[in-house]
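See below for final.txt, which holds compact mmCIF, C-alpha atoms.
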# COMPACT_ATOMS: atom_id res chain seq x y z
CA MET G 1 -23.98 -0.65 7.62
CA GLU G 2 -25.15 2.60 9.08
CA GLY G 3 -28.42 4.03 7.88
CA GLY G 4 -29.97 7.49 8.11
CA GLY G 5 -31.89 8.28 11.28
CA GLY G 6 -35.41 9.59 11.62
CA GLY G 7 -36.77 13.05 12.26
CA GLU G 8 -34.85 16.25 11.52
CA GLU G 9 -31.40 14.63 11.81
CA GLY G 10 -32.38 11.90 9.35
CA GLY G 11 -33.77 14.48 6.95
CA MET G 12 -30.53 16.47 7.03
CA ARG G 13 -28.55 13.30 6.30
CA ARG G 14 -30.76 12.43 3.34
CA ARG G 15 -30.31 15.93 1.85
CA ARG G 16 -26.54 15.69 1.90
CA ARG G 17 -24.76 14.80 -1.32
CA ARG G 18 -23.52 11.24 -1.63
CA VAL G 19 -19.79 10.68 -2.03
CA VAL G 20 -18.41 7.22 -2.81
CA VAL G 21 -14.75 6.47 -2.08
CA VAL G 22 -13.38 3.30 -3.68
CA GLY G 23 -10.35 1.99 -1.81
CA GLY G 24 -9.39 2.33 1.85
CA GLY G 25 -5.65 2.81 1.54
CA VAL G 26 -3.80 5.94 2.62
CA ALA G 27 -5.47 8.24 0.09
CA GLY G 28 -8.96 6.76 0.34
CA ALA G 29 -9.00 6.53 4.14
CA PHE G 30 -7.77 10.09 4.56
CA LEU G 31 -10.33 11.39 2.06
CA ALA G 32 -13.20 9.45 3.63
CA LYS G 33 -12.33 10.65 7.14
CA THR G 34 -12.20 14.24 5.94
CA LEU G 35 -15.54 14.14 4.09
CA GLN G 36 -17.66 11.99 6.42
CA SER G 37 -19.18 14.95 8.25
CA ASP G 38 -19.98 16.90 5.07
CA SER G 39 -21.56 14.22 2.90
CA ASP G 40 -23.51 10.98 2.76
CA LEU G 41 -20.28 9.02 2.54
CA VAL G 42 -19.75 5.43 1.38
CA LEU G 43 -16.36 3.71 1.55
CA ILE G 44 -15.85 0.56 -0.53
CA ASP G 45 -12.81 -1.52 0.39
CA PRO G 46 -11.89 -5.24 0.19
CA LYS G 47 -10.90 -5.25 3.85
CA GLU G 48 -12.51 -4.06 7.07
CA TYR G 49 -9.45 -2.12 8.24
CA PHE G 50 -6.92 0.52 7.28
CA GLU G 51 -3.28 -0.58 7.32
CA ILE G 52 -0.37 1.81 7.68
CA PRO G 53 1.59 0.54 4.67
CA TRP G 54 5.03 1.73 5.66
CA ALA G 55 4.86 -0.03 9.04
CA TYR G 56 3.83 -3.63 8.33
CA LEU G 57 7.41 -4.78 7.72
CA ARG G 58 8.17 -3.92 11.34
CA ALA G 59 5.24 -6.12 12.40
CA MET G 60 6.88 -9.06 10.63
CA VAL G 61 9.70 -9.02 13.19
CA GLU G 62 7.68 -7.56 16.09
CA PRO G 63 4.16 -9.12 16.01
CA PRO G 64 2.57 -6.91 18.74
CA PHE G 65 3.27 -3.92 16.47
CA ALA G 66 0.50 -5.14 14.16
CA GLU G 67 -2.11 -4.10 16.74
CA LYS G 68 -1.01 -0.49 16.30
CA ILE G 69 -0.95 -0.33 12.49
CA LEU G 70 -4.24 -2.07 11.66
CA ILE G 71 -7.22 0.19 12.34
CA LYS G 72 -10.79 -0.84 11.66
CA HIS G 73 -12.56 1.52 9.29
CA THR G 74 -15.40 1.77 11.81
CA ASP G 75 -12.99 3.21 14.40
CA TYR G 76 -12.35 6.40 12.43
CA LEU G 77 -15.42 6.49 10.16
CA THR G 78 -18.23 7.01 12.62
CA ASN G 79 -20.54 8.78 10.17
CA ALA G 80 -20.28 6.70 7.00
CA VAL G 81 -21.45 3.52 5.32
CA ILE G 82 -18.67 0.95 4.89
CA VAL G 83 -19.00 -1.71 2.21
CA THR G 84 -16.49 -4.56 2.38
CA SER G 85 -16.20 -5.80 -1.19
CA PRO G 86 -13.42 -6.56 -3.74
CA THR G 87 -12.22 -3.46 -5.63
CA GLY G 88 -10.08 -5.06 -8.27
CA HIS G 89 -6.65 -5.18 -6.61
CA ALA G 90 -4.67 -8.23 -7.70
CA HIS G 91 -2.73 -8.50 -4.43
CA PRO G 92 -4.82 -10.63 -2.07
CA VAL G 93 -5.29 -9.21 1.41
CA PRO G 94 -7.14 -10.75 4.37
CA ARG G 95 -10.65 -9.38 4.71
CA SER G 96 -10.66 -9.20 8.51
CA ARG G 97 -8.27 -7.45 10.86
CA ASN G 98 -7.79 -10.59 12.94
CA ASP G 99 -6.82 -12.59 9.84
CA ARG G 100 -4.27 -9.95 8.85
CA ILE G 101 -2.76 -10.00 12.35
CA GLU G 102 -2.50 -13.78 12.13
CA GLN G 103 -0.89 -13.53 8.69
CA LEU G 104 1.80 -11.19 10.04
CA ARG G 105 2.38 -13.54 12.98
CA GLU G 106 2.90 -16.41 10.55
CA GLU G 107 5.43 -14.34 8.61
CA HIS G 108 7.22 -13.62 11.87
CA GLU G 109 7.35 -17.31 12.78
CA LYS G 110 8.77 -18.07 9.35
CA ILE G 111 11.57 -15.57 9.92
CA LYS G 112 12.15 -16.60 13.53
CA SER G 113 12.47 -20.30 12.69
CA SER G 114 14.89 -19.75 9.81
CA SER G 115 18.64 -19.46 10.00
CA SER G 116 18.86 -17.86 6.53
CA VAL G 117 16.52 -15.61 4.55
CA LEU G 118 16.39 -14.71 0.84
CA ILE G 119 14.81 -11.40 -0.17
CA ILE G 120 14.02 -10.90 -3.86
CA GLY G 121 13.91 -7.23 -4.82
CA GLY G 122 15.98 -4.22 -3.73
CA GLY G 123 13.35 -1.51 -3.74
CA ARG G 124 11.86 0.10 -0.65
CA ARG G 125 10.17 -3.04 0.69
CA GLY G 126 13.14 -5.32 0.08
CA VAL G 127 15.66 -2.97 1.65
CA GLU G 128 13.44 -2.25 4.65
CA LEU G 129 12.70 -5.93 5.27
CA ALA G 130 16.39 -6.82 5.03
CA GLY G 131 17.13 -4.05 7.51
CA GLU G 132 14.43 -5.15 9.96
CA ILE G 133 15.61 -8.77 9.95
CA ALA G 134 19.30 -7.89 10.15
CA SER G 135 18.66 -5.54 13.09
CA ASP G 136 16.48 -7.89 15.15
CA TYR G 137 18.14 -11.16 14.14
CA PRO G 138 21.84 -10.40 13.52
CA GLU G 139 22.65 -14.12 13.72
CA LYS G 140 20.63 -14.90 10.58
CA LYS G 141 22.13 -14.95 7.10
CA VAL G 142 20.24 -12.47 4.90
CA THR G 143 20.71 -12.39 1.12
CA LEU G 144 19.10 -9.68 -1.02
CA VAL G 145 18.92 -10.21 -4.79
CA HIS G 146 18.21 -7.16 -6.97
CA LYS G 147 17.95 -6.95 -10.76
CA GLY G 148 19.17 -3.35 -10.88
CA SER G 149 22.64 -1.89 -10.51
CA ARG G 150 21.79 -0.07 -7.28
CA LEU G 151 19.28 -0.25 -4.43
CA LEU G 152 16.30 2.08 -4.10
CA GLU G 153 16.41 3.13 -7.73
CA HIS G 154 13.36 5.38 -7.26
CA LEU G 155 15.56 7.59 -5.07
CA GLY G 156 18.83 9.35 -5.77
CA PRO G 157 22.26 7.66 -5.88
CA LYS G 158 23.21 8.99 -2.43
CA ALA G 159 20.33 7.08 -0.85
CA SER G 160 21.38 3.94 -2.71
CA VAL G 161 24.97 4.20 -1.47
CA LYS G 162 23.89 4.86 2.10
CA ALA G 163 21.46 1.92 2.11
CA LEU G 164 24.06 -0.47 0.70
CA LYS G 165 26.69 0.67 3.19
CA TRP G 166 24.27 0.13 6.08
CA LEU G 167 23.21 -3.34 4.89
CA LYS G 168 26.80 -4.44 4.39
CA LYS G 169 27.59 -3.24 7.91
CA LYS G 170 24.85 -5.61 9.08
CA ASP G 171 26.42 -8.46 7.02
CA VAL G 172 23.59 -8.58 4.49
CA GLU G 173 24.80 -10.06 1.19
CA VAL G 174 23.54 -8.00 -1.76
CA LEU G 175 23.62 -9.46 -5.29
CA PHE G 176 23.14 -6.89 -8.04
CA GLU G 177 22.01 -7.26 -11.67
CA GLN G 178 20.41 -10.64 -11.13
CA THR G 179 17.13 -11.92 -9.85
CA VAL G 180 15.18 -15.04 -9.01
CA ASP G 181 12.20 -15.90 -11.17
CA PRO G 182 9.10 -15.73 -8.91
CA GLY G 183 7.47 -18.43 -11.00
CA SER G 184 10.28 -20.86 -10.22
CA VAL G 185 10.02 -20.69 -6.43
CA SER G 186 7.56 -22.30 -4.04
CA GLU G 187 6.80 -22.25 -0.34
CA GLY G 188 9.23 -24.42 1.61
CA GLN G 189 11.92 -24.28 -1.07
CA LYS G 190 15.46 -23.97 0.33
CA GLU G 191 17.68 -23.99 -2.75
CA PHE G 192 17.53 -21.15 -5.28
CA LYS G 193 19.47 -20.08 -8.34
CA THR G 194 19.75 -16.50 -9.59
CA SER G 195 19.51 -15.43 -13.23
CA ALA G 196 23.31 -15.22 -13.19
CA GLY G 197 23.52 -18.86 -12.15
CA LYS G 198 24.58 -18.21 -8.58
CA PRO G 199 23.17 -20.73 -6.07
CA VAL G 200 21.60 -19.31 -2.91
CA ALA G 201 20.60 -21.42 0.09
CA ALA G 202 17.87 -20.03 2.32
CA ASP G 203 15.35 -21.49 4.77
CA CYS G 204 12.69 -19.03 3.65
CA HIS G 205 12.20 -16.33 1.05
CA PHE G 206 10.20 -13.14 0.54
CA LEU G 207 9.21 -11.65 -2.80
CA CYS G 208 9.55 -7.85 -2.64
CA THR G 209 9.43 -6.89 -6.31
CA GLY G 210 6.29 -4.76 -6.04
CA TRP G 211 2.62 -5.33 -6.77
CA PRO G 212 0.89 -4.72 -10.08
CA LEU G 213 -1.37 -1.68 -10.30
CA ALA G 214 -4.37 -3.93 -10.96
CA SER G 215 -6.50 -1.33 -12.70
CA SER G 216 -7.48 -3.55 -15.63
CA TRP G 217 -11.01 -3.94 -14.22
CA LEU G 218 -11.56 -0.25 -14.94
CA GLN G 219 -11.30 -0.93 -18.67
CA GLU G 220 -14.83 -2.33 -18.57
CA THR G 221 -16.24 0.72 -16.78
CA VAL G 222 -17.03 4.32 -17.73
CA LEU G 223 -13.44 5.14 -16.78
CA GLY G 224 -11.94 2.81 -19.37
CA LYS G 225 -11.18 5.61 -21.83
CA SER G 226 -9.49 7.62 -19.09
CA LEU G 227 -6.69 5.07 -18.57
CA ASP G 228 -3.28 5.72 -20.08
CA GLU G 229 -1.04 3.08 -21.64
CA HIS G 230 0.30 2.12 -18.20
CA GLY G 231 -3.15 1.54 -16.72
CA ARG G 232 -3.16 4.75 -14.69
CA LEU G 233 -6.03 7.22 -14.63
CA MET G 234 -5.33 10.48 -16.42
CA VAL G 235 -6.15 13.48 -14.24
CA ASP G 236 -6.06 17.26 -14.55
CA GLY G 237 -4.51 19.74 -12.14
CA ASN G 238 -7.46 19.35 -9.76
CA LEU G 239 -7.13 15.53 -9.84
CA ARG G 240 -10.38 15.19 -11.78
CA VAL G 241 -10.39 12.16 -14.07
CA LYS G 242 -10.11 13.07 -17.75
CA GLY G 243 -13.52 13.11 -19.42
CA GLN G 244 -15.43 13.09 -16.14
CA LYS G 245 -17.30 15.84 -14.34
CA ASN G 246 -17.51 14.56 -10.79
CA VAL G 247 -14.99 11.70 -10.59
CA PHE G 248 -11.57 12.25 -9.05
CA ALA G 249 -8.55 9.95 -8.69
CA ILE G 250 -5.94 10.03 -5.94
CA GLY G 251 -2.95 8.00 -4.88
CA ASP G 252 -0.97 5.45 -6.87
CA ILE G 253 -3.53 5.11 -9.65
CA THR G 254 -3.04 8.63 -11.02
CA ASN G 255 -0.79 9.26 -14.03
CA ILE G 256 1.08 12.05 -12.23
CA LYS G 257 4.83 11.53 -12.49
CA GLU G 258 5.87 11.56 -8.85
CA LEU G 259 6.99 9.24 -6.07
CA LYS G 260 4.07 7.03 -5.09
CA GLN G 261 4.39 7.44 -1.35
CA GLY G 262 2.07 7.92 1.59
CA TYR G 263 2.62 11.63 2.14
CA VAL G 264 1.86 12.29 -1.54
CA ALA G 265 -1.36 10.26 -1.28
CA GLN G 266 -2.41 12.35 1.73
CA ALA G 267 -1.72 15.53 -0.23
CA HIS G 268 -3.90 14.22 -3.08
CA ALA G 269 -6.70 13.47 -0.63
CA ALA G 270 -6.51 16.96 0.87
CA VAL G 271 -6.84 18.58 -2.57
CA VAL G 272 -9.82 16.43 -3.58
CA ALA G 273 -11.53 16.83 -0.20
CA LYS G 274 -11.40 20.59 -0.59
CA ASN G 275 -12.68 20.46 -4.16
CA VAL G 276 -15.49 18.02 -3.39
CA LYS G 277 -16.68 20.29 -0.59
CA LEU G 278 -16.64 23.24 -2.99
CA LEU G 279 -18.55 21.30 -5.66
CA MET G 280 -21.18 20.25 -3.13
CA LYS G 281 -21.69 23.95 -2.37
CA GLY G 282 -21.91 24.80 -6.07
CA ALA G 283 -18.57 26.64 -6.04
CA LYS G 284 -15.63 26.24 -8.40
CA GLU G 285 -12.85 23.92 -7.31
CA THR G 286 -9.24 25.04 -6.87
CA ARG G 287 -5.85 23.37 -6.93

With the file now loaded, output its structure as structure tokens.
Amino acid sequence: MEGGGGGEEGGMRRRRRRVVVVGGGVAGAFLAKTLQSDSDLVLIDPKEYFEIPWAYLRAMVEPPFAEKILIKHTDYLTNAVIVTSPTGHAHPVPRSRNDRIEQLREEHEKIKSSSSVLIIGGGRRGVELAGEIASDYPEKKVTLVHKGSRLLEHLGPKASVKALKWLKKKDVEVLFEQTVDPGSVSEGQKEFKTSAGKPVAADCHFLCTGWPLASSWLQETVLGKSLDEHGRLMVDGNLRVKGQKNVFAIGDITNIKELKQGYVAQAHAAVVAKNVKLLMKGAKETR
């Protein structure tokens, strides 16, 4: 941890307002980087690094790529306190950068040593992973199982048609309106059966059905009454949490009806960074 210095510089640091950012994903990392020079900033995250979320699938087929997409918080937060501690997310992630790099290498070895791969889920992650494997390992049999009637259902039909056409061109087998129960599969399993009864043989499998929001821990905090029925934090037009004066929410956890993507998270962070700076000066925030 970094502490305040002595003399005049230390006094200036102590007089600055403290800002605590919980979560070092796209939104949290961007916000922390923006505010570190204007506040006594603390970032709390379960891992010691920031990961570019839309790039890790590439690292699964090209291991050296992981070095570029995993950035230690200390590399871009040079004027902040970083606390590595669990923040409630249900999806387990390695605490250290080196462990995450090793995890991605293991995933790569699993793909490389397999002649056939099963991907469960036809959303963004499933489609991208199928594409990465089919492009780098055209000799491997790739099967994608999706419970919906089209791929990438969070996007428009044109995107779904284009994605399916591309995957078929790469000889990826896509099975619609069926799935594989995650609870029925285990590591090392090679024989699977879909909900429609279709048998699928694969040397390895990847579950790409999405991660739960994992905000239930907030129910026991002062923000419990600000959660909606889906476990998302209700915010106003300035991204302030409902019922709170100086607590803001950004990224996937907000109840704003929009695509939960990286560029949106960055836009959230920019809005809150501006408003936090205004509040620290005693001014009124803006949208």

* **Top pick for closest residue to Lys72 (chain G), considering G:Lys47, G:Thr209, G:Gly123, G:Trp54 and counting only C-alpha atoms** => G:Lys47

Would you mind listing, for every residue of region 11-82 of chain G within 10 Å of region 232-249 of chain G, the two atoms forming the shortest contact and the distance between them in Å to one decimal, using only C-alpha atoms, sorted by chain and ascending residue number, as JSON lines?
{"residue": "G:Val19", "atom": "CA", "partner": "G:Asn246", "partner_atom": "CA", "distance": 9.8}
{"residue": "G:Val20", "atom": "CA", "partner": "G:Val247", "partner_atom": "CA", "distance": 9.6}
{"residue": "G:Val21", "atom": "CA", "partner": "G:Phe248", "partner_atom": "CA", "distance": 9.6}
{"residue": "G:Val22", "atom": "CA", "partner": "G:Ala249", "partner_atom": "CA", "distance": 9.6}
{"residue": "G:Ala27", "atom": "CA", "partner": "G:Ala249", "partner_atom": "CA", "distance": 9.5}
{"residue": "G:Gly28", "atom": "CA", "partner": "G:Ala249", "partner_atom": "CA", "distance": 9.6}

* To do: May I ask which of the residues G:Ser216, G:Tyr263, G:His73, G:Lys274 is the closest one to Val26 (chain G), counting all atoms listed in the file?
  =>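 Looking only at the distances to Val26 (chain G), the closest residue turns out to be G:Tyr263.
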
* To do: Enter the distance from CA of Lys141 (chain G) to CA of Gln103 (chain G), in Å, rounded to one decimal.
  =>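 Spanning CA of Lys141 (chain G) to CA of Gln103 (chain G) is a straight-line distance of 23.1 Å.
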
* **Best match for closeness to Glu106 (chain G) among G:Glu62, G:His268, G:Glu191, G:Lys147, counting only C-alpha atoms** =>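 Ranking G:Glu62, G:His268, G:Glu191, G:Lys147 by distance to Glu106 (chain G), first place goes to G:Glu62.
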
Centre and edge lengths, as AutoDock Vina command-line options, for the axis-aligned box enclosing every listed atom of region 260-267 of chain G with 5 Å of padding on each of the six sides, in Å to one decimal?
--center_x 1.0 --center_y 11.3 --center_z -1.5 --size_x 16.8 --size_y 18.5 --size_z 17.2

* Asked: Which of these residues is nearest to Ala134 (chain G), using all atoms listed in the file: G:His146, G:Pro86, G:Leu207, G:Arg58?
  -> G:Arg58

Applying 12 Å and all atoms listed in the file, which residues near Pro199 (chain G) remain after dropping the ones on its own chain fewer than 6 positions away? List them as an mmCIF file with C-alpha atoms, in the frame of the given file.
data_model
loop_
_atom_site.group_PDB
_atom_site.id
_atom_site.type_symbol
_atom_site.label_atom_id
_atom_site.label_comp_id
_atom_site.auth_asym_id
_atom_site.auth_seq_id
_atom_site.Cartn_x
_atom_site.Cartn_y
_atom_site.Cartn_z
ATOM 1 C CA LEU G 118 16.390 -14.710 0.840
ATOM 2 C CA THR G 143 20.710 -12.390 1.120
ATOM 3 C CA VAL G 145 18.920 -10.210 -4.790
ATOM 4 C CA LEU G 175 23.620 -9.460 -5.290
ATOM 5 C CA GLN G 178 20.410 -10.640 -11.130
ATOM 6 C CA THR G 179 17.130 -11.920 -9.850
ATOM 7 C CA VAL G 180 15.180 -15.040 -9.010
ATOM 8 C CA LYS G 190 15.460 -23.970 0.330
ATOM 9 C CA GLU G 191 17.680 -23.990 -2.750
ATOM 10 C CA PHE G 192 17.530 -21.150 -5.280
ATOM 11 C CA LYS G 193 19.470 -20.080 -8.340
#

* **Pairwise distance for CA of Ala80 (chain G) and CA of Asp252 (chain G), rounded to one decimal in Å** =>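 These atoms are spaced 23.8 Å apart.
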
* Asked: Pick from G:Leu104, G:Val172, G:Val93, G:Ile120: nearest to Val142 (chain G), with only C-alpha atoms counted?
  ->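 Of G:Leu104, G:Val172, G:Val93, G:Ile120, the one nearest Val142 (chain G), counting only C-alpha atoms, is G:Val172.
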
* Rounded to one decimal place, report the CA of Met60 (chain G)-CA of His108 (chain G) distance in Å. =>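 That distance, rounded to one decimal, is 4.7 Å.
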
* Asked: Taking into account only C-alpha atoms, which residue in the set G:Phe65, G:Trp166, G:Phe30, G:Tyr137 is nearest to Gly262 (chain G)?
  -> G:Phe30
